[in-house]
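Report on one structure; see the data block that follows.
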Amino acid sequence: MSAPASFRAPKGTADVLAPESARWEALVAGFAGVAEGAGYGLVQSPLFEDVGVFQRLGEGTDVVRKEMYDFRDKGDRHVALRPEGTASVVRAFVQHRPATPWKAWYVTPCFRYEQPQSGRLRQHHQVGIEALGSADPDLDVEVITLGHDHLRALGLRRVALLVNSMGTRDDRARYIERLRAWLEDRVDDLAPDDREKLPAAPMRVLDSKRPATRAVAADAPRITDHLSDDAGAHFERVLAGLRAAEIDVVLEPRLVRGLDYYTHTTFEFQSTALDAAQSTVLAGGRYDGLAEELGGPPTPGIGFGSGIERTLLACDAEGVFAGAAAAVDVFVVDVAGGDTARDLTTELRRAGIRADRAFDARSMRAQMKAADRSGARVALLVGEQEQVDGTVAVRSLKEDQRSQAAVDRRAVVGHVKELLG
């Protein structure tokens with residue numbers, strides 16, 4: 001009987017192994033620091049929801065029409081895997097009604113059935129923040145500034161912030177009618193996939209990345225020319241706040257969200273180090289109608305999501321945020337039965353020192369090779385003589401500081417802590 005074929009990760013997914021996974025850990029930890037430093041708390045919500053939660057994203061969007069992983073479970077419930085982070089967080093807000101303003105951050109896998117390409121996988125991962133319960137434009141400034149500071153902390157510099165305003169719901173309604181009429185006069189010049197969006201979601205046409213449609217959209221009426229006085233004042237306050245935070249802004253009239261619950265500020269951070277089609281590393285906006293769409297009271301909100309894979313591609317393109325250094329600080333080499341390695345690694349770890357060892361009674365040479373591969377700064381060596389003397393040989397593994405000293409076994413943990421600083 002022939003051996004079965006080996007399994008592989010499904011198309012559009014990827015395994016992330018160490019040491020690359022250490023970059024993911026560092027990115028998430030850094031993002032948590034930025035978010036929690038501004039009063040945002042971690043929220044964890046189910047990976048799947050009733051399909052209706054995500055259908056509120058808009059039946060006219062590609063996410064809902066073509067890309068969403070939805071199915072009926074064994075109880076015949078129609079559910080969907082999360083395609084993005086915002087809807088689940090807002091559903092949780094509507095269900096639990098926390099005190100406002102409610103400020104939350106998340107990290108989650110997201111699922112979209114689309115053609116896999118660099119930086120766009122069927123299972124990708126996002127970090128993001130959402131703030132609900134305040135319509136203050138200064139909250140828009142806070143959210144955008146946190147996104148900016150997160151990217152800057154990674155070392156990214158070739159990133160441009162694009163900003164636009166969607167106005168109020170009434171502003172949108174008036175603008176959509178004018179835009180639809182304008183685009184209908186030019187429908188034959190649009191890319192075929194964008195023509196079908198025109199009846200139900202003309203603003204989605206402006207958001208297209210297809211060259212033919214973008215050429216048409218370049219001359220389209222601008223929503224910022226149709227803002228009410230209140231919406232204009234909101235937008236000016238946002239721009240003033242970003243200037244005060246010393247964040248450069250590019251006004252982009254084509255930066256729209258084609259869903260009814262989006263209002264006022266929309267924004268994207270785009271990496272100029274990546275291809276234009278894959279350049280967005282962080283995007284968000286104000287969605288003052290989403291909580292109401294999900295059955296809650298009218299509640300203003302704003303947030304953003306940022307793809308981890310795409311962001312790391314931008315880091316690679318700029319040569320920043322390299323992989324983490326050593327996984328451990330100390331490697332214990334024991335050729336005298338393994339008891340010391342077993343016990344000493346436990347003591348080191350409980351003392352807050354990252355430590356590892358070899359197994360299977362390997363030779364001194366093999367264990368020293370493992371110590372070098374581990375990236376540890378210090379090796380602790382135990383042979384028969386050290387076991388008799390009750391000592392441990394402490395050896396520096398740094399190329400420029402090769403040294404070795406015998407230390408009493410009972411004092412070795414304290415000695416290592418002092419050595420590592």
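Convention: chains lettered A, B, ... in structure tokens order; per-chain residue numbering from 1; ligands numbered from 1 as shown.
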For Leu206 in chain A: contacts at 9 Å, only C-alpha atoms, fewer than 3 positions along chain excluded, given as a PyMOL selection string: chain A and resi 202-203+209+213-214+216-218+220+253-256+258
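The residue set within 9 Å of Arg112 in chain A, counting only C-alpha atoms and dropping same-chain residues fewer than 4 places from it, reads A:Val63, A:Lys66, A:Glu67, A:Met68, A:Tyr69, A:Leu81, A:Arg82, A:Pro83, A:Glu84, A:Leu121, A:Arg122, A:Gln123, A:His124.
Close contacts of Gly37 in chain A, defined as residues with an atom at most 12 Å away when counting only C-alpha atoms, with chain neighbours fewer than 3 positions off set aside, comprise Ala29, Gly30, Phe31, Ala32, Gly33, Val34, Tyr40, Gly41, Leu42, Lys103, Ala104, Trp105, Glu142, Leu146, Asp149 and His150 of chain A.
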DSSP strand (DSSP E or B) selection over range 54-200 of chain A, as a VMD selection string: chain A and resid 70 to 72 78 to 81 102 to 111 117 120 123 to 132 159 to 165
Option closest in space to Val163 in chain A, from A:Ala200, A:Ala80, A:Ile247, A:Ala181 [counting only C-alpha atoms]: A:Ile247
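Comparing the minimum interatomic distances between Gly307 in chain A and each of A:Gly295, A:Phe269, A:Phe235, A:Leu381, counting only C-alpha atoms, we find that A:Phe269 sits nearest.
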Non-local contacts of range 13-18 of chain A (12 Å; only C-alpha atoms; under 5 positions in same chain excluded) as a ChimeraX atom specification: /A:8,23-25,109-125,308-309,323-327,374
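Closest approach to Val412 in chain A from the set A:Leu348, A:Val53, A:Val205, A:Ala173 is made by A:Leu348, with distances taken over only C-alpha atoms.
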Which residues come within 6 Å of Thr263 in chain A, counting only C-alpha atoms, excluding same-chain residues fewer than 6 positions away, as an mmCIF file with N, CA and C atoms, in the first residue's frame?
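This went into selection11.cif:
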data_model
loop_
_atom_site.group_PDB
_atom_site.id
_atom_site.type_symbol
_atom_site.label_atom_id
_atom_site.label_comp_id
_atom_site.auth_asym_id
_atom_site.auth_seq_id
_atom_site.Cartn_x
_atom_site.Cartn_y
_atom_site.Cartn_z
ATOM 1 N N MET A 166 -16.699 61.888 4.421
ATOM 2 C CA MET A 166 -17.916 61.392 3.790
ATOM 3 C C MET A 166 -19.110 62.275 4.117
ATOM 4 N N GLY A 167 -18.935 63.260 5.024
ATOM 5 C CA GLY A 167 -20.040 64.113 5.404
ATOM 6 C C GLY A 167 -21.083 63.385 6.248
ATOM 7 N N THR A 168 -22.234 64.020 6.400
ATOM 8 C CA THR A 168 -23.346 63.411 7.133
ATOM 9 C C THR A 168 -24.118 62.474 6.213
ATOM 10 N N ARG A 286 -14.968 56.670 10.231
ATOM 11 C CA ARG A 286 -16.068 56.851 11.179
ATOM 12 C C ARG A 286 -17.303 56.148 10.629
ATOM 13 N N TYR A 287 -17.983 55.397 11.515
ATOM 14 C CA TYR A 287 -19.140 54.595 11.088
ATOM 15 C C TYR A 287 -20.303 54.846 12.049
#
Residue among A:Leu151, A:Leu198, A:Val89, A:Ala233 lying closest to Leu132 in chain A, counting only C-alpha atoms: A:Val89
Range 41-287 of chain A: residues DSSP assigns to alpha helix (DSSP H), reported as a PyMOL selection string: chain A and resi 51-55+62+86-96+137-153+169-184+192-195+202-206+211-217+229-244
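Across the structure, CA of Ala160 in chain A and CA of Gln270 in chain A are spaced 5.3 Å apart.
CA of Gln55 in chain A to CA of Arg257 in chain A spans 15.3 Å [interatomic distance, one decimal].
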Distance query Val416 in chain A at most 10 Å, only C-alpha atoms, self and fewer than 2 positions along chain excluded, as a PyMOL selection string: chain A and resi 329-330+348+353+378-380+394+407+411-414+418-421
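Closest approach to Glu130 in chain A among A:Gly319, A:Pro101, A:Pro221, A:Pro199: A:Pro101, based on only C-alpha atoms.
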